[in-house]
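Undergrad: Pasting protein08.pdb here (PDB, C-alpha atoms, pLDDT in the B column):
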MODEL        1
ATOM      1  CA  MET J  21       0.000   0.000   0.000  1.00 61.00           C
ATOM      2  CA  THR J  22       1.452   3.363  -1.027  1.00 75.00           C
ATOM      3  CA  GLU J  23       1.519   6.345   1.324  1.00 70.00           C
ATOM      4  CA  THR J  24      -1.197   8.055  -0.742  1.00 74.00           C
ATOM      5  CA  THR J  25      -3.406   4.964  -0.690  1.00 78.00           C
ATOM      6  CA  ASP J  26      -2.861   4.570   3.045  1.00 91.00           C
ATOM      7  CA  ARG J  27      -3.718   8.227   3.680  1.00 94.00           C
ATOM      8  CA  ARG J  28      -6.897   7.956   1.624  1.00 95.00           C
ATOM      9  CA  ALA J  29      -7.912   4.814   3.517  1.00 96.00           C
ATOM     10  CA  ARG J  30      -7.288   6.522   6.871  1.00 97.00           C
ATOM     11  CA  ILE J  31      -9.349   9.516   5.814  1.00 98.00           C
ATOM     12  CA  THR J  32     -12.297   7.490   4.558  1.00 98.00           C
ATOM     13  CA  ASP J  33     -12.186   5.286   7.639  1.00 97.00           C
ATOM     14  CA  ALA J  34     -12.266   8.388   9.807  1.00 98.00           C
ATOM     15  CA  ALA J  35     -15.255   9.570   7.790  1.00 98.00           C
ATOM     16  CA  LEU J  36     -17.068   6.360   8.755  1.00 98.00           C
ATOM     17  CA  ASP J  37     -16.201   7.023  12.412  1.00 98.00           C
ATOM     18  CA  ILE J  38     -17.644  10.526  12.298  1.00 98.00           C
ATOM     19  CA  ILE J  39     -20.775   9.582  10.340  1.00 98.00           C
ATOM     20  CA  ALA J  40     -21.500   6.626  12.621  1.00 97.00           C
ATOM     21  CA  THR J  41     -21.119   8.737  15.755  1.00 97.00           C
ATOM     22  CA  ASP J  42     -22.492  12.153  14.824  1.00 96.00           C
ATOM     23  CA  GLY J  43     -24.181  11.791  11.429  1.00 95.00           C
ATOM     24  CA  ILE J  44     -23.322  12.965   7.951  1.00 95.00           C
ATOM     25  CA  ARG J  45     -23.859  16.637   8.749  1.00 94.00           C
ATOM     26  CA  ALA J  46     -20.976  16.501  11.205  1.00 96.00           C
ATOM     27  CA  LEU J  47     -18.643  15.318   8.443  1.00 97.00           C
ATOM     28  CA  THR J  48     -16.257  18.066   7.326  1.00 97.00           C
ATOM     29  CA  HIS J  49     -12.771  18.133   5.864  1.00 98.00           C
ATOM     30  CA  ARG J  50     -11.489  20.022   8.902  1.00 97.00           C
ATOM     31  CA  GLY J  51     -13.218  17.596  11.226  1.00 97.00           C
ATOM     32  CA  ILE J  52     -11.378  14.668   9.659  1.00 98.00           C
ATOM     33  CA  ASP J  53      -8.066  16.530   9.870  1.00 97.00           C
ATOM     34  CA  ARG J  54      -8.681  17.065  13.587  1.00 97.00           C
ATOM     35  CA  HIS J  55      -9.873  13.474  14.076  1.00 97.00           C
ATOM     36  CA  LEU J  56      -6.659  12.106  12.579  1.00 97.00           C
ATOM     37  CA  GLY J  57      -4.306  14.801  13.835  1.00 97.00           C
ATOM     38  CA  LEU J  58      -3.413  15.807  10.282  1.00 96.00           C
ATOM     39  CA  PRO J  59      -2.237  19.247   9.144  1.00 95.00           C
ATOM     40  CA  ALA J  60      -5.112  21.536   8.156  1.00 95.00           C
ATOM     41  CA  GLY J  61      -6.046  21.055   4.520  1.00 96.00           C
ATOM     42  CA  SER J  62      -4.880  17.430   4.313  1.00 96.00           C
ATOM     43  CA  THR J  63      -8.318  15.942   3.667  1.00 97.00           C
ATOM     44  CA  SER J  64      -9.246  18.586   1.090  1.00 97.00           C
ATOM     45  CA  TYR J  65      -5.973  17.835  -0.728  1.00 96.00           C
ATOM     46  CA  TYR J  66      -7.160  14.272  -1.391  1.00 96.00           C
ATOM     47  CA  PHE J  67     -10.903  14.957  -1.684  1.00 97.00           C
ATOM     48  CA  ARG J  68     -11.798  18.393  -3.014  1.00 97.00           C
ATOM     49  CA  THR J  69     -15.510  18.307  -2.269  1.00 97.00           C
ATOM     50  CA  LYS J  70     -17.657  16.678   0.370  1.00 97.00           C
ATOM     51  CA  ARG J  71     -19.288  14.579  -2.321  1.00 97.00           C
ATOM     52  CA  ASP J  72     -15.877  13.324  -3.485  1.00 97.00           C
ATOM     53  CA  LEU J  73     -15.229  12.341   0.113  1.00 98.00           C
ATOM     54  CA  LEU J  74     -18.585  10.574   0.411  1.00 97.00           C
ATOM     55  CA  VAL J  75     -18.095   8.617  -2.816  1.00 97.00           C
ATOM     56  CA  ALA J  76     -14.673   7.457  -1.621  1.00 97.00           C
ATOM     57  CA  THR J  77     -16.046   6.613   1.824  1.00 98.00           C
ATOM     58  CA  VAL J  78     -18.750   4.383   0.360  1.00 97.00           C
ATOM     59  CA  GLY J  79     -16.085   2.739  -1.803  1.00 97.00           C
ATOM     60  CA  HIS J  80     -13.996   2.118   1.302  1.00 97.00           C
ATOM     61  CA  LEU J  81     -17.007   0.617   3.065  1.00 97.00           C
ATOM     62  CA  THR J  82     -17.624  -1.718   0.124  1.00 97.00           C
ATOM     63  CA  GLU J  83     -13.977  -2.770   0.013  1.00 96.00           C
ATOM     64  CA  ARG J  84     -14.061  -3.529   3.736  1.00 95.00           C
ATOM     65  CA  SER J  85     -17.157  -5.674   3.217  1.00 95.00           C
ATOM     66  CA  ARG J  86     -15.681  -7.683   0.364  1.00 94.00           C
ATOM     67  CA  ARG J  87     -12.472  -8.284   2.288  1.00 93.00           C
ATOM     68  CA  ALA J  88     -14.335  -9.244   5.465  1.00 93.00           C
ATOM     69  CA  PHE J  89     -16.523 -11.718   3.592  1.00 93.00           C
ATOM     70  CA  THR J  90     -13.510 -13.343   1.937  1.00 88.00           C
ATOM     71  CA  ASP J  91     -11.683 -13.559   5.266  1.00 86.00           C
ATOM     72  CA  SER J  92     -14.705 -15.165   6.948  1.00 82.00           C
ATOM     73  CA  GLN J  93     -14.993 -17.987   4.426  1.00 78.00           C
ATOM     74  CA  PRO J  94     -12.809 -21.116   4.357  1.00 71.00           C
ATOM     75  CA  GLU J  95     -11.156 -21.711   1.008  1.00 66.00           C
ATOM     76  CA  PRO J  96     -13.130 -24.587  -0.604  1.00 62.00           C
ATOM     77  CA  GLN J  97     -11.260 -27.296  -2.458  1.00 62.00           C
ATOM     78  CA  GLU J  98     -14.201 -27.676  -4.822  1.00 73.00           C
ATOM     79  CA  PRO J  99     -17.576 -25.972  -5.338  1.00 82.00           C
ATOM     80  CA  ASN J 100     -19.536 -26.355  -2.112  1.00 82.00           C
ATOM     81  CA  THR J 101     -23.228 -27.126  -2.406  1.00 89.00           C
ATOM     82  CA  ASP J 102     -23.819 -28.059   1.227  1.00 92.00           C
ATOM     83  CA  ILE J 103     -26.528 -25.588   2.186  1.00 94.00           C
ATOM     84  CA  ALA J 104     -25.906 -25.944   5.923  1.00 95.00           C
ATOM     85  CA  GLU J 105     -22.228 -25.070   5.516  1.00 94.00           C
ATOM     86  CA  ILE J 106     -22.919 -22.208   3.126  1.00 94.00           C
ATOM     87  CA  ALA J 107     -25.602 -20.758   5.392  1.00 96.00           C
ATOM     88  CA  HIS J 108     -23.286 -20.982   8.376  1.00 96.00           C
ATOM     89  CA  GLY J 109     -20.521 -19.192   6.472  1.00 94.00           C
ATOM     90  CA  ILE J 110     -22.844 -16.358   5.477  1.00 96.00           C
ATOM     91  CA  ALA J 111     -24.142 -16.180   9.055  1.00 97.00           C
ATOM     92  CA  VAL J 112     -20.584 -15.763  10.346  1.00 96.00           C
ATOM     93  CA  TYR J 113     -20.141 -12.786   8.033  1.00 96.00           C
ATOM     94  CA  VAL J 114     -23.468 -11.214   9.044  1.00 97.00           C
ATOM     95  CA  ASP J 115     -22.658 -11.760  12.713  1.00 97.00           C
ATOM     96  CA  GLY J 116     -19.402  -9.890  12.127  1.00 96.00           C
ATOM     97  CA  LEU J 117     -21.386  -6.967  10.758  1.00 97.00           C
ATOM     98  CA  LEU J 118     -23.450  -6.912  13.935  1.00 97.00           C
ATOM     99  CA  GLY J 119     -20.413  -7.079  16.187  1.00 96.00           C
ATOM    100  CA  ASP J 120     -16.983  -5.960  15.055  1.00 95.00           C
ATOM    101  CA  ARG J 121     -18.396  -3.878  12.196  1.00 97.00           C
ATOM    102  CA  ALA J 122     -21.360  -2.294  13.975  1.00 97.00           C
ATOM    103  CA  ARG J 123     -19.816   1.112  13.264  1.00 97.00           C
ATOM    104  CA  ASP J 124     -19.974   0.417   9.526  1.00 97.00           C
ATOM    105  CA  ILE J 125     -23.645  -0.492   9.804  1.00 97.00           C
ATOM    106  CA  ARG J 126     -24.495   2.726  11.658  1.00 97.00           C
ATOM    107  CA  ALA J 127     -22.568   4.793   9.111  1.00 97.00           C
ATOM    108  CA  ARG J 128     -24.257   3.037   6.229  1.00 97.00           C
ATOM    109  CA  TYR J 129     -27.724   3.650   7.619  1.00 97.00           C
ATOM    110  CA  ALA J 130     -26.925   7.323   8.181  1.00 96.00           C
ATOM    111  CA  LEU J 131     -25.572   7.637   4.640  1.00 96.00           C
ATOM    112  CA  THR J 132     -28.551   5.833   3.152  1.00 95.00           C
ATOM    113  CA  LEU J 133     -31.019   8.246   4.725  1.00 93.00           C
ATOM    114  CA  GLU J 134     -29.118  11.389   3.771  1.00 93.00           C
ATOM    115  CA  MET J 135     -28.070  10.388   0.255  1.00 94.00           C
ATOM    116  CA  VAL J 136     -31.391   9.023  -0.993  1.00 92.00           C
ATOM    117  CA  HIS J 137     -31.553  11.706  -3.714  1.00 94.00           C
ATOM    118  CA  ASP J 138     -28.023  11.038  -5.003  1.00 95.00           C
ATOM    119  CA  LYS J 139     -28.568   8.074  -7.304  1.00 96.00           C
ATOM    120  CA  GLN J 140     -24.881   7.249  -7.768  1.00 96.00           C
ATOM    121  CA  ILE J 141     -24.138   7.089  -4.072  1.00 96.00           C
ATOM    122  CA  GLN J 142     -27.449   5.380  -3.362  1.00 96.00           C
ATOM    123  CA  ALA J 143     -26.602   2.659  -5.896  1.00 96.00           C
ATOM    124  CA  ALA J 144     -23.144   2.186  -4.389  1.00 96.00           C
ATOM    125  CA  LEU J 145     -24.568   1.963  -0.874  1.00 97.00           C
ATOM    126  CA  ALA J 146     -27.058  -0.676  -2.004  1.00 95.00           C
ATOM    127  CA  VAL J 147     -24.212  -3.112  -2.729  1.00 95.00           C
ATOM    128  CA  SER J 148     -21.798  -1.950  -0.035  1.00 96.00           C
ATOM    129  CA  LEU J 149     -22.474  -4.830   2.365  1.00 96.00           C
ATOM    130  CA  PHE J 150     -23.565  -7.709   0.142  1.00 96.00           C
ATOM    131  CA  SER J 151     -22.349  -8.517  -3.357  1.00 95.00           C
ATOM    132  CA  ARG J 152     -25.107  -9.139  -5.887  1.00 94.00           C
ATOM    133  CA  GLU J 153     -22.577 -10.868  -8.133  1.00 94.00           C
ATOM    134  CA  ARG J 154     -21.568 -13.311  -5.410  1.00 93.00           C
ATOM    135  CA  ALA J 155     -25.191 -13.955  -4.524  1.00 94.00           C
ATOM    136  CA  VAL J 156     -26.105 -14.757  -8.135  1.00 95.00           C
ATOM    137  CA  GLY J 157     -23.099 -17.056  -8.404  1.00 93.00           C
ATOM    138  CA  LEU J 158     -24.249 -18.887  -5.291  1.00 94.00           C
ATOM    139  CA  THR J 159     -27.867 -19.298  -6.391  1.00 94.00           C
ATOM    140  CA  ARG J 160     -26.695 -20.572  -9.776  1.00 94.00           C
ATOM    141  CA  LEU J 161     -24.389 -23.073  -8.090  1.00 93.00           C
ATOM    142  CA  LEU J 162     -27.264 -24.275  -5.921  1.00 93.00           C
ATOM    143  CA  ASP J 163     -29.635 -24.360  -8.906  1.00 91.00           C
ATOM    144  CA  THR J 164     -32.341 -22.542  -6.993  1.00 89.00           C
ATOM    145  CA  GLY J 165     -34.517 -22.142 -10.063  1.00 88.00           C
ATOM    146  CA  ASP J 166     -34.334 -18.393 -10.687  1.00 93.00           C
ATOM    147  CA  PRO J 167     -30.782 -17.284  -9.822  1.00 94.00           C
ATOM    148  CA  GLU J 168     -31.252 -13.544 -10.365  1.00 96.00           C
ATOM    149  CA  GLN J 169     -34.492 -13.264  -8.384  1.00 96.00           C
ATOM    150  CA  ASP J 170     -33.358 -15.719  -5.725  1.00 95.00           C
ATOM    151  CA  ALA J 171     -30.126 -13.752  -5.266  1.00 95.00           C
ATOM    152  CA  ALA J 172     -32.101 -10.525  -4.852  1.00 96.00           C
ATOM    153  CA  ASP J 173     -34.377 -12.220  -2.318  1.00 97.00           C
ATOM    154  CA  LEU J 174     -31.386 -13.592  -0.399  1.00 97.00           C
ATOM    155  CA  ILE J 175     -29.804 -10.146  -0.139  1.00 97.00           C
ATOM    156  CA  ALA J 176     -33.136  -8.672   0.962  1.00 97.00           C
ATOM    157  CA  LEU J 177     -33.281 -11.280   3.717  1.00 98.00           C
ATOM    158  CA  LEU J 178     -29.737 -10.501   4.846  1.00 98.00           C
ATOM    159  CA  GLU J 179     -30.465  -6.777   4.878  1.00 98.00           C
ATOM    160  CA  GLY J 180     -33.551  -7.496   6.972  1.00 97.00           C
ATOM    161  CA  LEU J 181     -31.613  -9.635   9.435  1.00 98.00           C
ATOM    162  CA  VAL J 182     -29.039  -6.891   9.900  1.00 98.00           C
ATOM    163  CA  PHE J 183     -31.738  -4.244  10.370  1.00 97.00           C
ATOM    164  CA  ASP J 184     -33.708  -6.383  12.814  1.00 97.00           C
ATOM    165  CA  ARG J 185     -30.652  -7.005  14.971  1.00 97.00           C
ATOM    166  CA  THR J 186     -29.379  -3.415  14.744  1.00 96.00           C
ATOM    167  CA  VAL J 187     -32.439  -1.215  15.222  1.00 94.00           C
ATOM    168  CA  GLY J 188     -35.392  -3.603  14.968  1.00 94.00           C
ATOM    169  CA  ALA J 189     -37.279  -5.839  17.350  1.00 90.00           C
ATOM    170  CA  ARG J 190     -34.277  -7.992  18.231  1.00 92.00           C
ATOM    171  CA  ALA J 191     -31.843  -5.116  18.734  1.00 93.00           C
ATOM    172  CA  LEU J 192     -32.219  -5.261  22.515  1.00 89.00           C
ATOM    173  CA  GLU J 193     -33.394  -8.793  23.141  1.00 89.00           C
ATOM    174  CA  GLY J 194     -31.559 -10.761  20.456  1.00 88.00           C
ATOM    175  CA  PRO J 195     -28.495 -12.937  21.065  1.00 95.00           C
ATOM    176  CA  VAL J 196     -25.152 -11.218  21.581  1.00 95.00           C
ATOM    177  CA  PRO J 197     -23.076 -10.947  18.373  1.00 96.00           C
ATOM    178  CA  GLY J 198     -19.974 -13.100  18.362  1.00 96.00           C
ATOM    179  CA  THR J 199     -21.643 -16.010  20.141  1.00 97.00           C
ATOM    180  CA  ALA J 200     -22.631 -19.430  18.839  1.00 97.00           C
ATOM    181  CA  GLU J 201     -26.236 -18.558  19.668  1.00 97.00           C
ATOM    182  CA  SER J 202     -26.118 -15.474  17.466  1.00 97.00           C
ATOM    183  CA  ILE J 203     -24.638 -17.347  14.523  1.00 97.00           C
ATOM    184  CA  ALA J 204     -27.164 -20.169  14.893  1.00 98.00           C
ATOM    185  CA  ALA J 205     -30.047 -17.686  14.956  1.00 97.00           C
ATOM    186  CA  LEU J 206     -28.802 -16.216  11.684  1.00 98.00           C
ATOM    187  CA  THR J 207     -27.983 -19.538  10.051  1.00 98.00           C
ATOM    188  CA  ALA J 208     -31.526 -20.936  10.281  1.00 97.00           C
ATOM    189  CA  PRO J 209     -33.351 -18.350   8.096  1.00 97.00           C
ATOM    190  CA  ILE J 210     -30.443 -18.179   5.650  1.00 97.00           C
ATOM    191  CA  ALA J 211     -30.473 -21.948   5.167  1.00 97.00           C
ATOM    192  CA  LYS J 212     -34.227 -21.860   4.664  1.00 95.00           C
ATOM    193  CA  ALA J 213     -33.844 -19.179   1.974  1.00 94.00           C
ATOM    194  CA  LEU J 214     -31.221 -21.233   0.156  1.00 93.00           C
ATOM    195  CA  THR J 215     -33.242 -24.438   0.138  1.00 90.00           C
ATOM    196  CA  ARG J 216     -34.924 -25.009  -3.200  1.00 70.00           C
ATOM    197  CA  PRO J 217     -38.595 -25.953  -2.771  1.00 58.00           C
ATOM    198  CA  CYS J 218     -39.345 -29.535  -3.692  1.00 45.00           C
ATOM    199  CA  ALA J 219     -40.987 -29.883  -7.067  1.00 38.00           C
ATOM    200  CA  VAL J 220     -44.642 -30.831  -6.969  1.00 42.00           C
ATOM    201  CA  ASP J 221     -45.226 -34.411  -8.041  1.00 44.00           C
ATOM    202  CA  GLU J 222     -47.785 -34.196 -10.831  1.00 43.00           C
ATOM    203  CA  SER J 223     -47.766 -37.883 -11.690  1.00 41.00           C
TER
ENDMDL
END
With the file now loaded, output its structure as structure tokens.
TA:
Amino acid sequence: MTETTDRRARITDAALDIIATDGIRALTHRGIDRHLGLPAGSTSYYFRTKRDLLVATVGHLTERSRRAFTDSQPEPQEPNTDIAEIAHGIAVYVDGLLGDRARDIRARYALTLEMVHDKQIQAALAVSLFSRERAVGLTRLLDTGDPEQDAADLIALLEGLVFDRTVGARALEGPVPGTAESIAALTAPIAKALTRPCAVDES
């Protein structure tokens, strides 16, 4: 990683800190400089406008998500079609979002609400946690019947699980992230979503 790349990553990560804690309106170039102890003008040198900063921050969030998902999955020796194992692997990733990456979730929700009228950023935020491409690849591998629609439905489920455990009904009473109970509670609905309905016997 070059010094410039590292500085950009530090700045966009600090932006996530500020947005998650105080909201998008608290995000300023000077605020990031102060947050990181950088000389005044450092953030504006890399990102001229606030929108430039927001676009890069969403990109950083997406990169973190892709890397975290890859790190959470064992490297398969061959294509894995065991639904229980796949569901568990996805649940481990989602559980990580609820625990170690709770800041990213809060920042993403804040960004989503404020940037609803910016179609480019809105589109980037929509895929910042879960990869549509990976989901389609999975549903095709599992031969679910309608890979594109089934992938969209799977992502909708995952988004719902994250919301429910972050600010929904289970936010206060659900299992603690990082525990076997939490992962099991996530695995069950994911496995159900991945299971192809049995064909009706018309004979």
Undergrad: List the residues matched by the PyMOL selection byres ((chain J and resi 111) around 10) in the displayed structure as a VMD selection string, ordered by chain and then by residue number.
TA: chain J and resid 92 105 to 110 112 to 117 178 181 202 to 211
Undergrad: For the file shown, what are the residues hit by the PyMOL selection byres ((chain J and resi 140) around 12), laid out as number ranges by chain?
TA: J: 71-72, 74-76, 78-79, 132, 135-139, 141-147
Undergrad: Do you know which residues the PyMOL selection byres ((chain J and resi 24) around 12) returns on this file, as a PDB file with C-alpha atoms, in the coordinates of the input?
TA:
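Output (part03.pdb):
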ATOM      1  CA  MET J  21       0.000   0.000   0.000  1.00 61.00           C
ATOM      2  CA  THR J  22       1.452   3.363  -1.027  1.00 75.00           C
ATOM      3  CA  GLU J  23       1.519   6.345   1.324  1.00 70.00           C
ATOM      4  CA  THR J  25      -3.406   4.964  -0.690  1.00 78.00           C
ATOM      5  CA  ASP J  26      -2.861   4.570   3.045  1.00 91.00           C
ATOM      6  CA  ARG J  27      -3.718   8.227   3.680  1.00 94.00           C
ATOM      7  CA  ARG J  28      -6.897   7.956   1.624  1.00 95.00           C
ATOM      8  CA  ALA J  29      -7.912   4.814   3.517  1.00 96.00           C
ATOM      9  CA  ARG J  30      -7.288   6.522   6.871  1.00 97.00           C
ATOM     10  CA  ILE J  31      -9.349   9.516   5.814  1.00 98.00           C
ATOM     11  CA  SER J  62      -4.880  17.430   4.313  1.00 96.00           C
ATOM     12  CA  THR J  63      -8.318  15.942   3.667  1.00 97.00           C
ATOM     13  CA  TYR J  65      -5.973  17.835  -0.728  1.00 96.00           C
ATOM     14  CA  TYR J  66      -7.160  14.272  -1.391  1.00 96.00           C
ATOM     15  CA  PHE J  67     -10.903  14.957  -1.684  1.00 97.00           C
TER      16      PHE J  67
END
Undergrad: Within 12 Å of (-16.1, 18.2, 5.1), in the coordinates the file gives, what residues turn up when you count all atoms listed in the file, written out as a PyMOL selection string?
TA: chain J and resi 31-32+34-35+38-39+44-55+60-74
Undergrad: Just the number, please: distance in Å from CA of Ala171 in chain J to CA of Ala88 in chain J, one decimal.
TA: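 CA of Ala171 in chain J sits 19.6 Å away from CA of Ala88 in chain J.
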Undergrad: Leaving out Glu153 in chain J and any residue of its chain fewer than 4 positions from it, which residues lie within 12 Å of it when counting all atoms listed in the file, given as a compact mmCIF listing (two decimals) with C-alpha atoms, in the frame of the given file?
TA:
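Full text of part-v4.txt as output:
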# COMPACT_ATOMS: atom_id res chain seq x y z
CA ARG J 86 -15.68 -7.68 0.36
CA VAL J 147 -24.21 -3.11 -2.73
CA GLY J 157 -23.10 -17.06 -8.40
CA LEU J 158 -24.25 -18.89 -5.29
CA THR J 159 -27.87 -19.30 -6.39
CA ARG J 160 -26.70 -20.57 -9.78
CA PRO J 167 -30.78 -17.28 -9.82
CA GLU J 168 -31.25 -13.54 -10.36
CA ALA J 171 -30.13 -13.75 -5.27
CA ALA J 172 -32.10 -10.52 -4.85
CA ILE J 175 -29.80 -10.15 -0.14
Undergrad: Quick one, how far is CA of Gln169 in chain J from CA of Val182 in chain J?
TA: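 Interatomic distance here is 20.1 Å.
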Undergrad: Could you write out as AutoDock Vina command-line options the box around range 138-142 of chain J (axis-aligned, all atoms listed in the file, 4 Å on each side), with centre and edge lengths in Å to one decimal?
TA:
--center_x -26.4 --center_y 8.2 --center_z -5.6 --size_x 12.4 --size_y 13.7 --size_z 12.4
Undergrad: Which is closest to Ala127 in chain J among J:Thr90, J:Thr77, J:Thr215, J:Asn100, if we use only C-alpha atoms?
TA: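 Looking only at the distances to Ala127 in chain J, the closest residue turns out to be J:Thr77.
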Undergrad: Please, what distance in Å, to one decimal, runs between CA of Glu134 in chain J and CA of Phe183 in chain J?
TA: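 CA of Phe183 in chain J lies at a distance of 17.2 Å from CA of Glu134 in chain J.
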